[in-house]
file coords_13.cif (mmCIF, C-alpha atoms and all ligand atoms)
data_input
loop_
_atom_site.label_atom_id
_atom_site.label_comp_id
_atom_site.auth_asym_id
_atom_site.auth_seq_id
_atom_site.Cartn_x
_atom_site.Cartn_y
_atom_site.Cartn_z
CA MET A 1 224.54 100.53 54.13
CA GLY A 2 222.84 102.15 51.21
CA GLY A 3 224.11 101.46 47.70
CA GLN A 4 222.05 102.71 44.83
CA THR A 5 220.00 99.61 44.42
CA ILE A 6 219.21 99.35 48.04
CA ASP A 7 217.89 102.86 48.18
CA LYS A 8 215.67 102.00 45.30
CA ILE A 9 214.48 98.85 46.97
CA CYS A 10 213.88 100.74 50.15
CA ASP A 11 211.68 103.10 48.28
CA LYS A 12 209.68 100.09 47.39
CA GLY A 13 209.05 99.51 51.06
CA PHE A 14 211.77 97.34 52.62
CA PRO A 15 212.74 98.68 56.02
CA MET A 16 216.35 99.57 55.24
CA ASP A 17 216.58 101.82 58.28
CA THR A 18 215.91 98.75 60.29
CA LEU A 19 219.11 97.16 58.92
CA ASP A 20 221.28 100.16 59.81
CA GLU A 21 219.69 100.45 63.18
CA LEU A 22 220.05 96.77 63.79
CA LYS A 23 223.70 96.91 62.89
CA SER A 24 224.57 99.68 65.31
CA GLN A 25 222.35 98.15 67.95
CA ILE A 26 224.03 94.74 67.78
CA LEU A 27 227.55 96.14 67.49
CA GLY A 28 226.80 98.34 70.51
CA GLU A 29 225.61 95.35 72.49
CA ILE A 30 228.76 93.46 71.54
CA GLU A 31 230.96 96.30 72.61
CA HIS A 32 229.21 96.64 75.95
CA ALA A 33 229.26 92.97 76.78
CA THR A 34 231.75 92.69 79.61
CA LYS A 35 231.23 89.02 80.33
CA LEU A 36 231.50 86.00 78.07
CA ALA A 37 228.00 84.86 79.09
CA VAL A 38 226.49 88.22 78.17
CA LEU A 39 228.29 88.15 74.82
CA GLU A 40 226.86 84.70 74.18
CA ASP A 41 223.35 86.07 74.84
CA VAL A 42 224.02 88.82 72.28
CA ARG A 43 225.14 86.22 69.75
CA VAL A 44 222.00 84.14 70.26
CA SER A 45 219.71 87.16 70.06
CA ALA A 46 221.34 88.18 66.75
CA LEU A 47 222.36 85.02 64.98
CA GLY A 48 220.55 82.27 66.91
CA LYS A 49 217.57 80.38 65.50
CA GLN A 50 215.18 83.12 66.56
CA GLY A 51 217.80 85.85 66.27
CA ARG A 52 217.02 89.24 64.82
CA LEU A 53 219.20 88.79 61.77
CA THR A 54 218.09 85.23 61.24
CA LEU A 55 214.45 86.26 61.19
CA LEU A 56 215.18 88.97 58.64
CA MET A 57 216.92 86.41 56.47
CA LYS A 58 213.92 84.15 56.70
CA GLU A 59 211.72 87.03 55.59
CA LEU A 60 213.78 87.33 52.38
CA GLY A 61 211.96 84.32 51.04
CA GLN A 62 208.81 86.28 50.61
CA LYS A 63 210.41 89.15 48.67
CA THR A 64 210.75 89.61 44.91
CA PRO A 65 213.80 87.97 43.30
CA GLU A 66 215.35 91.40 42.73
CA MET A 67 215.03 92.36 46.39
CA ARG A 68 216.18 88.92 47.50
CA LYS A 69 219.40 89.32 45.56
CA ALA A 70 220.29 92.80 46.74
CA LEU A 71 219.12 92.40 50.31
CA GLY A 72 220.55 88.93 50.62
CA ALA A 73 223.99 90.33 49.91
CA GLU A 74 223.44 93.13 52.46
CA LEU A 75 222.25 90.74 55.10
CA ASN A 76 225.15 88.39 54.51
CA ALA A 77 227.61 91.26 54.74
CA LEU A 78 225.98 92.35 57.98
CA LYS A 79 226.16 88.82 59.29
CA ASP A 80 229.90 88.74 58.52
CA VAL A 81 230.50 92.04 60.28
CA ILE A 82 228.63 90.86 63.34
CA THR A 83 230.31 87.46 63.40
CA GLN A 84 233.70 89.10 63.20
CA ALA A 85 232.83 91.58 65.95
CA LEU A 86 231.60 88.73 68.13
CA ASP A 87 234.80 86.73 67.57
CA GLN A 88 237.00 89.68 68.31
CA ARG A 89 235.15 90.58 71.47
CA LYS A 90 235.17 86.97 72.58
CA ALA A 91 238.93 86.73 72.15
CA GLN A 92 239.30 89.98 74.07
CA LEU A 93 237.13 88.81 76.95
CA GLU A 94 238.86 85.43 77.09
CA GLU A 95 242.19 87.14 77.33
CA GLU A 96 240.87 89.35 80.11
CA VAL A 97 239.67 86.28 82.01
CA LEU A 98 243.07 84.61 81.55
CA ASN A 99 244.96 87.73 82.62
CA ALA A 100 242.79 88.06 85.70
CA ARG A 101 243.50 84.42 86.58
CA LEU A 102 247.22 84.83 86.00
CA ALA A 103 247.24 87.92 88.17
CA SER A 104 245.33 86.26 91.00
CA GLU A 105 247.15 82.92 90.85
CA THR A 106 250.76 84.01 90.90
CA LEU A 107 253.15 81.38 92.18
CA ASP A 108 256.30 82.38 93.96
CA VAL A 109 258.59 79.42 93.44
CA SER A 110 261.15 80.89 95.80
CA LEU A 111 258.84 80.57 98.82
CA PRO A 112 259.59 77.73 101.26
CA PRO A 113 257.08 74.82 101.04
CA ARG A 114 254.16 74.89 103.47
CA VAL A 115 254.60 71.19 104.20
CA MET A 116 257.95 69.45 104.14
CA PRO A 117 258.36 66.56 101.70
CA GLN A 118 256.92 63.37 103.18
CA GLY A 119 259.07 60.73 101.51
CA LYS A 120 261.75 58.67 103.20
CA ILE A 121 264.74 56.91 101.70
CA HIS A 122 264.20 53.14 101.76
CA PRO A 123 266.70 51.42 104.08
CA LEU A 124 268.00 49.33 101.17
CA SER A 125 268.68 52.42 99.05
CA HIS A 126 270.28 54.08 102.02
CA ALA A 127 272.53 51.10 102.83
CA LEU A 128 273.47 50.75 99.17
CA ASP A 129 274.42 54.44 99.00
CA GLN A 130 276.67 53.91 101.99
CA ALA A 131 278.25 50.77 100.54
CA ILE A 132 278.96 52.51 97.23
CA HIS A 133 280.41 55.45 99.13
CA ILE A 134 282.77 53.23 101.16
CA PHE A 135 283.89 51.14 98.19
CA GLY A 136 284.25 54.32 96.17
CA GLN A 137 286.74 55.64 98.69
CA MET A 138 288.63 52.36 98.37
CA GLY A 139 288.99 52.95 94.63
CA PHE A 140 286.15 50.77 93.31
CA VAL A 141 283.90 51.93 90.50
CA VAL A 142 280.34 50.73 89.93
CA ALA A 143 279.70 48.31 87.04
CA GLU A 144 276.35 47.07 85.80
CA GLY A 145 274.79 44.22 83.90
CA PRO A 146 271.27 43.25 82.83
CA ASP A 147 268.71 41.55 85.11
CA ILE A 148 267.72 39.25 82.25
CA GLU A 149 270.97 37.44 81.63
CA GLU A 150 272.26 34.93 79.15
CA ASP A 151 272.95 31.49 80.52
CA PHE A 152 276.56 31.91 79.33
CA TYR A 153 277.28 34.85 81.66
CA ASN A 154 275.25 33.60 84.61
CA PHE A 155 276.69 30.07 84.53
CA THR A 156 278.95 28.76 81.79
CA ALA A 157 281.59 31.49 81.78
CA LEU A 158 281.63 31.32 85.58
CA ASN A 159 282.89 27.76 85.39
CA ILE A 160 279.41 26.32 85.95
CA PRO A 161 278.92 24.08 82.90
CA LEU A 162 275.61 22.44 81.98
CA GLU A 163 274.82 19.52 84.32
CA HIS A 164 276.81 21.19 87.12
CA PRO A 165 274.90 20.69 90.40
CA ALA A 166 275.40 24.38 91.28
CA ARG A 167 272.76 25.18 88.66
CA GLN A 168 270.14 23.32 90.65
CA GLU A 169 271.12 24.94 93.92
CA GLN A 170 270.33 28.38 92.59
CA ASP A 171 266.55 27.93 92.07
CA THR A 172 266.85 29.65 88.71
CA PHE A 173 263.97 31.39 86.95
CA TYR A 174 264.33 30.36 83.31
CA LEU A 175 262.92 32.47 80.47
CA PRO A 176 262.13 31.55 76.88
CA PRO A 177 265.34 31.75 74.82
CA SER A 178 266.19 35.01 73.07
CA ALA A 179 264.56 35.55 69.65
CA GLU A 180 267.77 36.32 67.73
CA ASP A 181 270.25 33.63 68.66
CA ARG A 182 268.12 31.22 70.75
CA GLN A 183 270.46 31.74 73.74
CA PRO A 184 268.93 30.33 76.93
CA LEU A 185 267.91 33.28 79.16
CA VAL A 186 267.58 33.46 82.93
CA LEU A 187 266.81 36.07 85.55
CA ARG A 188 270.31 36.42 86.95
CA THR A 189 270.68 34.36 90.11
CA HIS A 190 273.62 36.43 91.34
CA THR A 191 275.59 39.53 90.33
CA SER A 192 278.64 37.43 89.37
CA PRO A 193 277.84 37.61 85.61
CA VAL A 194 278.89 41.26 85.85
CA GLN A 195 282.41 39.95 86.61
CA ILE A 196 282.44 38.25 83.20
CA ARG A 197 280.94 41.21 81.35
CA THR A 198 283.52 43.53 82.92
CA MET A 199 286.52 41.29 82.24
CA LEU A 200 285.47 40.76 78.62
CA LYS A 201 285.12 44.51 78.11
CA GLN A 202 288.04 45.95 80.06
CA LYS A 203 291.67 45.07 80.55
CA PRO A 204 293.07 44.64 84.05
CA PRO A 205 293.85 46.17 86.47
CA LEU A 206 290.18 46.09 87.50
CA ARG A 207 288.46 47.18 90.67
CA ILE A 208 284.69 47.16 90.42
CA ILE A 209 281.60 46.60 92.51
CA ALA A 210 278.36 45.55 90.87
CA PRO A 211 275.29 46.16 93.00
CA GLY A 212 271.97 45.03 91.59
CA ARG A 213 268.85 42.92 91.64
CA THR A 214 269.07 39.15 91.63
CA TYR A 215 266.36 36.49 91.45
CA ARG A 216 265.79 33.03 92.87
CA SER A 217 262.61 31.02 93.21
CA ASP A 218 262.41 31.07 97.00
CA TYR A 219 260.13 32.72 99.57
CA ASP A 220 260.23 32.74 103.38
CA ALA A 221 261.36 35.02 106.25
CA THR A 222 264.93 35.08 104.90
CA HIS A 223 264.35 34.62 101.15
CA THR A 224 262.42 36.67 98.59
CA PRO A 225 262.30 35.86 94.87
CA MET A 226 263.95 39.22 94.15
CA PHE A 227 266.79 40.45 96.31
CA HIS A 228 269.99 42.47 95.90
CA GLN A 229 273.62 41.55 95.88
CA ILE A 230 276.79 43.60 95.85
CA GLU A 231 279.49 41.93 93.81
CA GLY A 232 283.13 42.90 94.03
CA LEU A 233 285.99 42.10 91.67
CA VAL A 234 289.65 43.03 91.75
CA VAL A 235 292.05 41.79 89.07
CA ASP A 236 295.69 42.77 89.08
CA LYS A 237 299.18 41.31 89.08
CA LYS A 238 300.12 39.73 92.43
CA THR A 239 296.62 39.93 93.92
CA HIS A 240 296.26 37.49 96.80
CA MET A 241 293.98 36.27 99.57
CA GLY A 242 295.46 38.80 102.02
CA HIS A 243 294.16 41.63 99.84
CA LEU A 244 290.73 40.05 99.81
CA LYS A 245 290.64 39.72 103.61
CA GLY A 246 291.92 43.26 104.13
CA CYS A 247 289.43 44.69 101.68
CA LEU A 248 286.38 43.02 103.23
CA GLU A 249 287.54 43.75 106.76
CA GLU A 250 287.92 47.43 105.90
CA PHE A 251 284.54 47.52 104.23
CA PHE A 252 282.55 45.77 106.96
CA ARG A 253 284.18 47.74 109.76
CA LEU A 254 283.20 50.98 108.06
CA PHE A 255 279.75 49.76 107.04
CA PHE A 256 278.82 48.48 110.51
CA GLU A 257 280.64 51.42 112.12
CA ASP A 258 282.62 49.10 114.36
CA PRO A 259 286.41 49.53 114.01
CA ALA A 260 287.01 46.39 116.06
CA LEU A 261 284.60 44.14 114.13
CA ASN A 262 285.98 40.62 114.02
CA LEU A 263 285.75 38.70 110.73
CA ARG A 264 286.26 35.00 110.08
CA PHE A 265 286.99 33.42 106.71
CA ARG A 266 285.61 29.89 106.59
CA PRO A 267 286.46 27.50 103.74
CA GLY A 268 283.64 27.45 101.23
CA TYR A 269 282.89 26.38 97.71
CA PHE A 270 281.99 28.33 94.59
CA PRO A 271 282.78 27.03 91.09
CA PHE A 272 284.12 30.45 90.04
CA THR A 273 286.60 30.97 92.91
CA GLU A 274 289.47 28.85 94.16
CA PRO A 275 290.09 28.87 97.02
CA SER A 276 286.64 29.98 98.18
CA ALA A 277 285.51 31.23 101.56
CA GLU A 278 282.45 32.32 103.49
CA VAL A 279 282.85 35.51 105.51
CA ASP A 280 281.37 35.63 109.00
CA ALA A 281 281.32 38.48 111.51
CA LEU A 282 281.38 38.02 115.27
CA TRP A 283 278.17 39.82 116.28
CA LYS A 284 277.46 41.68 119.51
CA ASN A 285 275.43 38.72 120.82
CA GLY A 286 278.47 36.43 120.48
CA ALA A 287 277.22 34.60 117.39
CA TRP A 288 279.11 34.29 114.10
CA LEU A 289 276.89 35.63 111.32
CA GLU A 290 277.46 34.95 107.67
CA LEU A 291 277.88 38.07 105.51
CA GLY A 292 278.79 36.73 102.07
CA GLY A 293 280.92 34.55 99.86
CA CYS A 294 284.32 35.24 98.34
CA GLY A 295 287.50 33.77 96.96
CA MET A 296 290.29 34.04 94.42
CA VAL A 297 288.96 34.18 90.86
CA HIS A 298 289.22 30.67 89.35
CA PRO A 299 291.87 30.44 86.59
CA ASN A 300 289.20 28.98 84.25
CA VAL A 301 287.10 32.10 84.70
CA LEU A 302 290.07 34.34 83.86
CA ARG A 303 290.78 32.19 80.80
CA ASN A 304 287.14 32.42 79.71
CA CYS A 305 287.67 36.18 79.63
CA ASP A 306 290.97 36.07 77.76
CA ILE A 307 293.00 36.97 80.83
CA ASP A 308 296.18 34.98 81.39
CA PRO A 309 296.04 33.48 84.91
CA ASP A 310 299.83 33.25 84.99
CA GLU A 311 300.06 37.00 84.67
CA TYR A 312 296.96 38.14 86.55
CA GLN A 313 295.12 37.01 89.65
CA GLY A 314 291.93 38.34 91.09
CA PHE A 315 289.64 38.14 94.06
CA ALA A 316 285.87 38.39 94.07
CA PHE A 317 283.16 38.63 96.66
CA GLY A 318 279.39 38.74 96.80
CA MET A 319 277.12 39.80 99.63
CA GLY A 320 273.39 40.14 100.10
CA LEU A 321 272.36 43.78 100.46
CA GLU A 322 269.20 42.83 102.37
CA ARG A 323 271.21 40.69 104.78
CA ILE A 324 273.76 43.36 105.69
CA THR A 325 271.01 46.01 105.90
CA MET A 326 268.93 43.83 108.25
CA LEU A 327 271.97 43.27 110.46
CA LYS A 328 272.90 46.94 110.52
CA TYR A 329 269.42 48.23 111.38
CA GLY A 330 268.01 45.29 113.33
CA ILE A 331 265.30 44.49 110.79
CA GLU A 332 263.95 41.03 111.50
CA ASP A 333 261.89 39.94 108.51
CA LEU A 334 263.26 40.31 104.99
CA ARG A 335 259.81 40.41 103.40
CA LEU A 336 259.03 43.76 105.06
CA PHE A 337 261.51 45.46 102.72
CA PHE A 338 259.16 44.91 99.82
CA GLU A 339 255.70 45.40 101.33
CA SER A 340 255.59 49.18 100.88
CA ASP A 341 253.93 49.55 104.28
CA LEU A 342 254.09 53.30 104.91
CA ARG A 343 254.23 52.87 108.70
CA TRP A 344 257.24 50.58 108.31
CA LEU A 345 258.88 52.92 105.80
CA ASN A 346 258.34 55.87 108.11
CA HIS A 347 259.98 53.99 110.94
CA TYR A 348 262.92 52.43 109.12
CA GLY A 349 263.30 54.97 106.29
CA PHE A 350 265.83 57.79 106.28
CA ALA A 351 265.36 61.51 105.84
CA PRO A 352 266.67 62.46 102.40
CA GLU A 353 269.38 64.73 103.77
CA SER A 354 270.83 62.37 106.38
CA ARG A 355 273.93 60.30 105.73
CA GLU A 356 273.53 58.13 108.84
N1 LIG A 401 277.79 34.62 93.54
C1 LIG A 401 277.89 34.01 94.84
C2 LIG A 401 276.48 33.77 95.38
O1 LIG A 401 275.55 34.28 94.86
C3 LIG A 401 278.67 34.87 95.80
C4 LIG A 401 280.09 35.01 95.40
C5 LIG A 401 280.51 36.06 94.61
C6 LIG A 401 281.05 34.11 95.85
C7 LIG A 401 281.83 36.19 94.28
C8 LIG A 401 282.37 34.23 95.49
C9 LIG A 401 282.74 35.28 94.71
O2 LIG A 401 276.29 33.08 96.35
#
call {"tool": "encode", "arguments": {"input": "coords_13.cif", "output": "structure tokens"}}
result
Amino acid sequence: MGGQTIDKICDKGFPMDTLDELKSQILGEIEHATKLAVLEDVRVSALGKQGRLTLLMKELGQKTPEMRKALGAELNALKDVITQALDQRKAQLEEEVLNARLASETLDVSLPPRVMPQGKIHPLSHALDQAIHIFGQMGFVVAEGPDIEEDFYNFTALNIPLEHPARQEQDTFYLPPSAEDRQPLVLRTHTSPVQIRTMLKQKPPLRIIAPGRTYRSDYDATHTPMFHQIEGLVVDKKTHMGHLKGCLEEFFRLFFEDPALNLRFRPGYFPFTEPSAEVDALWKNGAWLELGGCGMVHPNVLRNCDIDPDEYQGFAFGMGLERITMLKYGIEDLRLFFESDLRWLNHYGFAPESRE
């Protein structure tokens, strides 16, 4: 402090020493503040409403215009110096606080967890993993399609024209038609539309499974409005019913871990296969239990996908994932799969690392 003018003013009785003193006093306080709260007190006592500098500034009002001008500039400069010192110190202290926290809260990510993960694999996920694994070893690849399906793929292309009674049997959830082309939309009632999507996209030979969610308006101990199917499709030259039987026999024997499992193919009816069959397994209790539907791909379906039925034949099958999972693990009520009851999940769920 202390330009020419100021000295002169000071001669006229303004306590300039006070300013210098105040400056070193406040800067000293700032420097010695070792806690953010203390620093805040310093700020208030200097620049707060009743702060030392603030009061001096208020006093200016009573001085002569000449003094006001010169001293005002000095006081403002002092205020800037102090504000800057406060900011700097604050940043310093904040960094110290952060560093102290970082030092005390180190996390060693290589340490083993104190509690093991609590989650279990849902029996459906587990069974599906196994099914994909088995089919994968048999040369099948996984194909997918959308849950919200166009009527064309879910019905028409599968040889189920409008007015066909099979449409009623499926308890279909209908949706408002699509905005672009007004196509009627449904929640797919089975995974068979993935057959069509695959055949339209890829040339034979084909060997796919299509696991996924399916929907029908039905609810009791053996039906839920959402359930899962696993679809299978093989298209090649000279494919026949014997291949279909061998394929399903191989799969179910591996899935149920029973190399002697006895299967029965009963005549059935599906518009998209001809001939069609229902597959049953002879269960331990001596009863024949239905596992799914299957058959040779109907020539109309091949034609709908631009595949020449005189050159190519195919077989297809569809099974309920819930059904085969219930049979494998002795789960009695289908609805329990979807209730998210932790006690049930703990009992029937699988540890993440197990393959059994
Ligand atoms: N889509 C049939 C159903 O949902 C099952 C099926 C699939 C039958 C493939 C034959 C061939 O019941």
call {"tool": "residues_around", "arguments": {"input": "coords_13.cif", "residues": "stretch 311-314 of chain A", "least_positions_apart": "5", "cutoff": "8 Å", "atoms": "only C-alpha atoms", "output": "VMD selection string"}}
result
chain A and resid 204 233 to 240 296 to 297 299
call {"tool": "atom_distance", "arguments": {"input": "coords_13.cif", "atom1": "atom CA of A:Pro117", "atom2": "atom CA of A:His347"}}
result
15.7 Å
call {"tool": "atom_distance", "arguments": {"input": "coords_13.cif", "atom1": "atom CA of A:Leu248", "atom2": "atom CA of A:Tyr329"}}
result
19.5 Å
call {"tool": "residues_around", "arguments": {"input": "coords_13.cif", "residues": "stretch 145-149 of chain A", "least_positions_apart": "3", "cutoff": "10 Å", "atoms": "all atoms listed in the file", "output": "list in words"}}
result
Phe152, Tyr153, Asn154, Phe155, Phe173, Tyr174, Leu175, Gln183, Pro184, Leu185, Val186, Leu187, Arg188, Thr189, His190, Thr191, Ser192, Pro193, Val194, Gln195, Ile196, Arg197, Thr198, Ala210, Pro211, Gly212, Arg213, Thr214 and Tyr215 of chain A
call {"tool": "residues_near_ligand", "arguments": {"input": "coords_13.cif", "ligand": "ligand LIG 401 (chain A)", "cutoff": "7 Å", "atoms": "only C-alpha atoms and all ligand atoms", "output": "JSON, numbers by chain"}}
result
{"A": [189, 190, 191, 192, 231, 232, 270, 272, 273, 276, 292, 293, 294, 295, 316, 317, 318, 319]}
call {"tool": "atom_distance", "arguments": {"input": "coords_13.cif", "atom1": "atom CA of A:Ala143", "atom2": "atom CA of A:His122"}}
result
21.9 Å
call {"tool": "closest_residue", "arguments": {"input": "coords_13.cif", "among": "A:Ile208, A:Leu162, A:Ala127, A:Ala100", "to": "A:Val142", "atoms": "all atoms listed in the file"}}
result
A:Ile208
call {"tool": "residues_near_point", "arguments": {"input": "coords_13.cif", "point": "(269.0, 57.5, 104.1)", "cutoff": "9 Å", "atoms": "all atoms listed in the file", "output": "VMD selection string"}}
result
chain A and resid 120 to 127 129 to 130 349 to 356
call {"tool": "write_last_selection", "arguments": {"input": "coords_13.cif", "atoms": "C-alpha atoms", "output": "compact mmCIF listing (two decimals), keeping the file's coordinate frame"}}
result
# COMPACT_ATOMS: atom_id res chain seq x y z
CA LYS A 120 261.75 58.67 103.20
CA ILE A 121 264.74 56.91 101.70
CA HIS A 122 264.20 53.14 101.76
CA PRO A 123 266.70 51.42 104.08
CA LEU A 124 268.00 49.33 101.17
CA SER A 125 268.68 52.42 99.05
CA HIS A 126 270.28 54.08 102.02
CA ALA A 127 272.53 51.10 102.83
CA ASP A 129 274.42 54.44 99.00
CA GLN A 130 276.67 53.91 101.99
CA GLY A 349 263.30 54.97 106.29
CA PHE A 350 265.83 57.79 106.28
CA ALA A 351 265.36 61.51 105.84
CA PRO A 352 266.67 62.46 102.40
CA GLU A 353 269.38 64.73 103.77
CA SER A 354 270.83 62.37 106.38
CA ARG A 355 273.93 60.30 105.73
CA GLU A 356 273.53 58.13 108.84
call {"tool": "residues_near_point", "arguments": {"input": "coords_13.cif", "point": "(288.0, 52.8, 88.2)", "cutoff": "10 Å", "atoms": "all atoms listed in the file", "output": "ChimeraX atom specification"}}
result
/A:136,139-143,205-209
call {"tool": "residues_around", "arguments": {"input": "coords_13.cif", "residues": "A:Cys305", "least_positions_apart": "3", "cutoff": "6 Å", "atoms": "all atoms listed in the file", "output": "PDB file with C-alpha atoms, in the frame of the given file"}}
result
ATOM      1  CA  MET A 199     286.520  41.290  82.240  1.00  0.00           C
ATOM      2  CA  LEU A 200     285.470  40.760  78.620  1.00  0.00           C
ATOM      3  CA  LEU A 302     290.070  34.340  83.860  1.00  0.00           C
TER       4      LEU A 302
END
call {"tool": "axis_aligned_box", "arguments": {"input": "coords_13.cif", "around": "stretch 201-215 of chain A", "padding_each_side": "6 Å", "output": "lines of an AutoDock Vina configuration file"}}
result
center_x = 280.1
center_y = 41.8
center_z = 85.6
size_x = 39.5
size_y = 22.7
size_z = 26.9
call {"tool": "residues_around", "arguments": {"input": "coords_13.cif", "residues": "A:Lys328", "least_positions_apart": "4", "cutoff": "9 Å", "atoms": "all atoms listed in the file", "output": "list in words"}}
result
Ala127, Phe255, Phe256, Arg323 and Ile324 of chain A
call {"tool": "residues_around", "arguments": {"input": "coords_13.cif", "residues": "A:Phe252", "least_positions_apart": "5", "cutoff": "9 Å", "atoms": "all atoms listed in the file", "output": "number ranges by chain"}}
result
A: 247, 257-259, 261, 263, 281
call {"tool": "closest_residue", "arguments": {"input": "coords_13.cif", "among": "A:Pro271, A:Thr64, A:Val38, A:Lys23", "to": "A:Asn159", "atoms": "all atoms listed in the file"}}
result
A:Pro271
call {"tool": "closest_residue", "arguments": {"input": "coords_13.cif", "among": "A:Gly119, A:His228, A:Gln170, A:Glu150", "to": "A:Leu342", "atoms": "only C-alpha atoms"}}
result
A:Gly119
call {"tool": "closest_residue", "arguments": {"input": "coords_13.cif", "among": "A:Asp333, A:Glu274, A:Glu144, A:Glu40", "to": "A:Tyr219", "atoms": "all atoms listed in the file"}}
result
A:Asp333
call {"tool": "closest_residue", "arguments": {"input": "coords_13.cif", "among": "A:Thr54, A:Asn300, A:Gln62, A:Thr222", "to": "A:Asn76", "atoms": "all atoms listed in the file"}}
result
A:Thr54
call {"tool": "closest_residue", "arguments": {"input": "coords_13.cif", "among": "A:Gln168, A:Gln50, A:Ser24, A:Asn262", "to": "A:Trp288", "atoms": "all atoms listed in the file"}}
result
A:Asn262
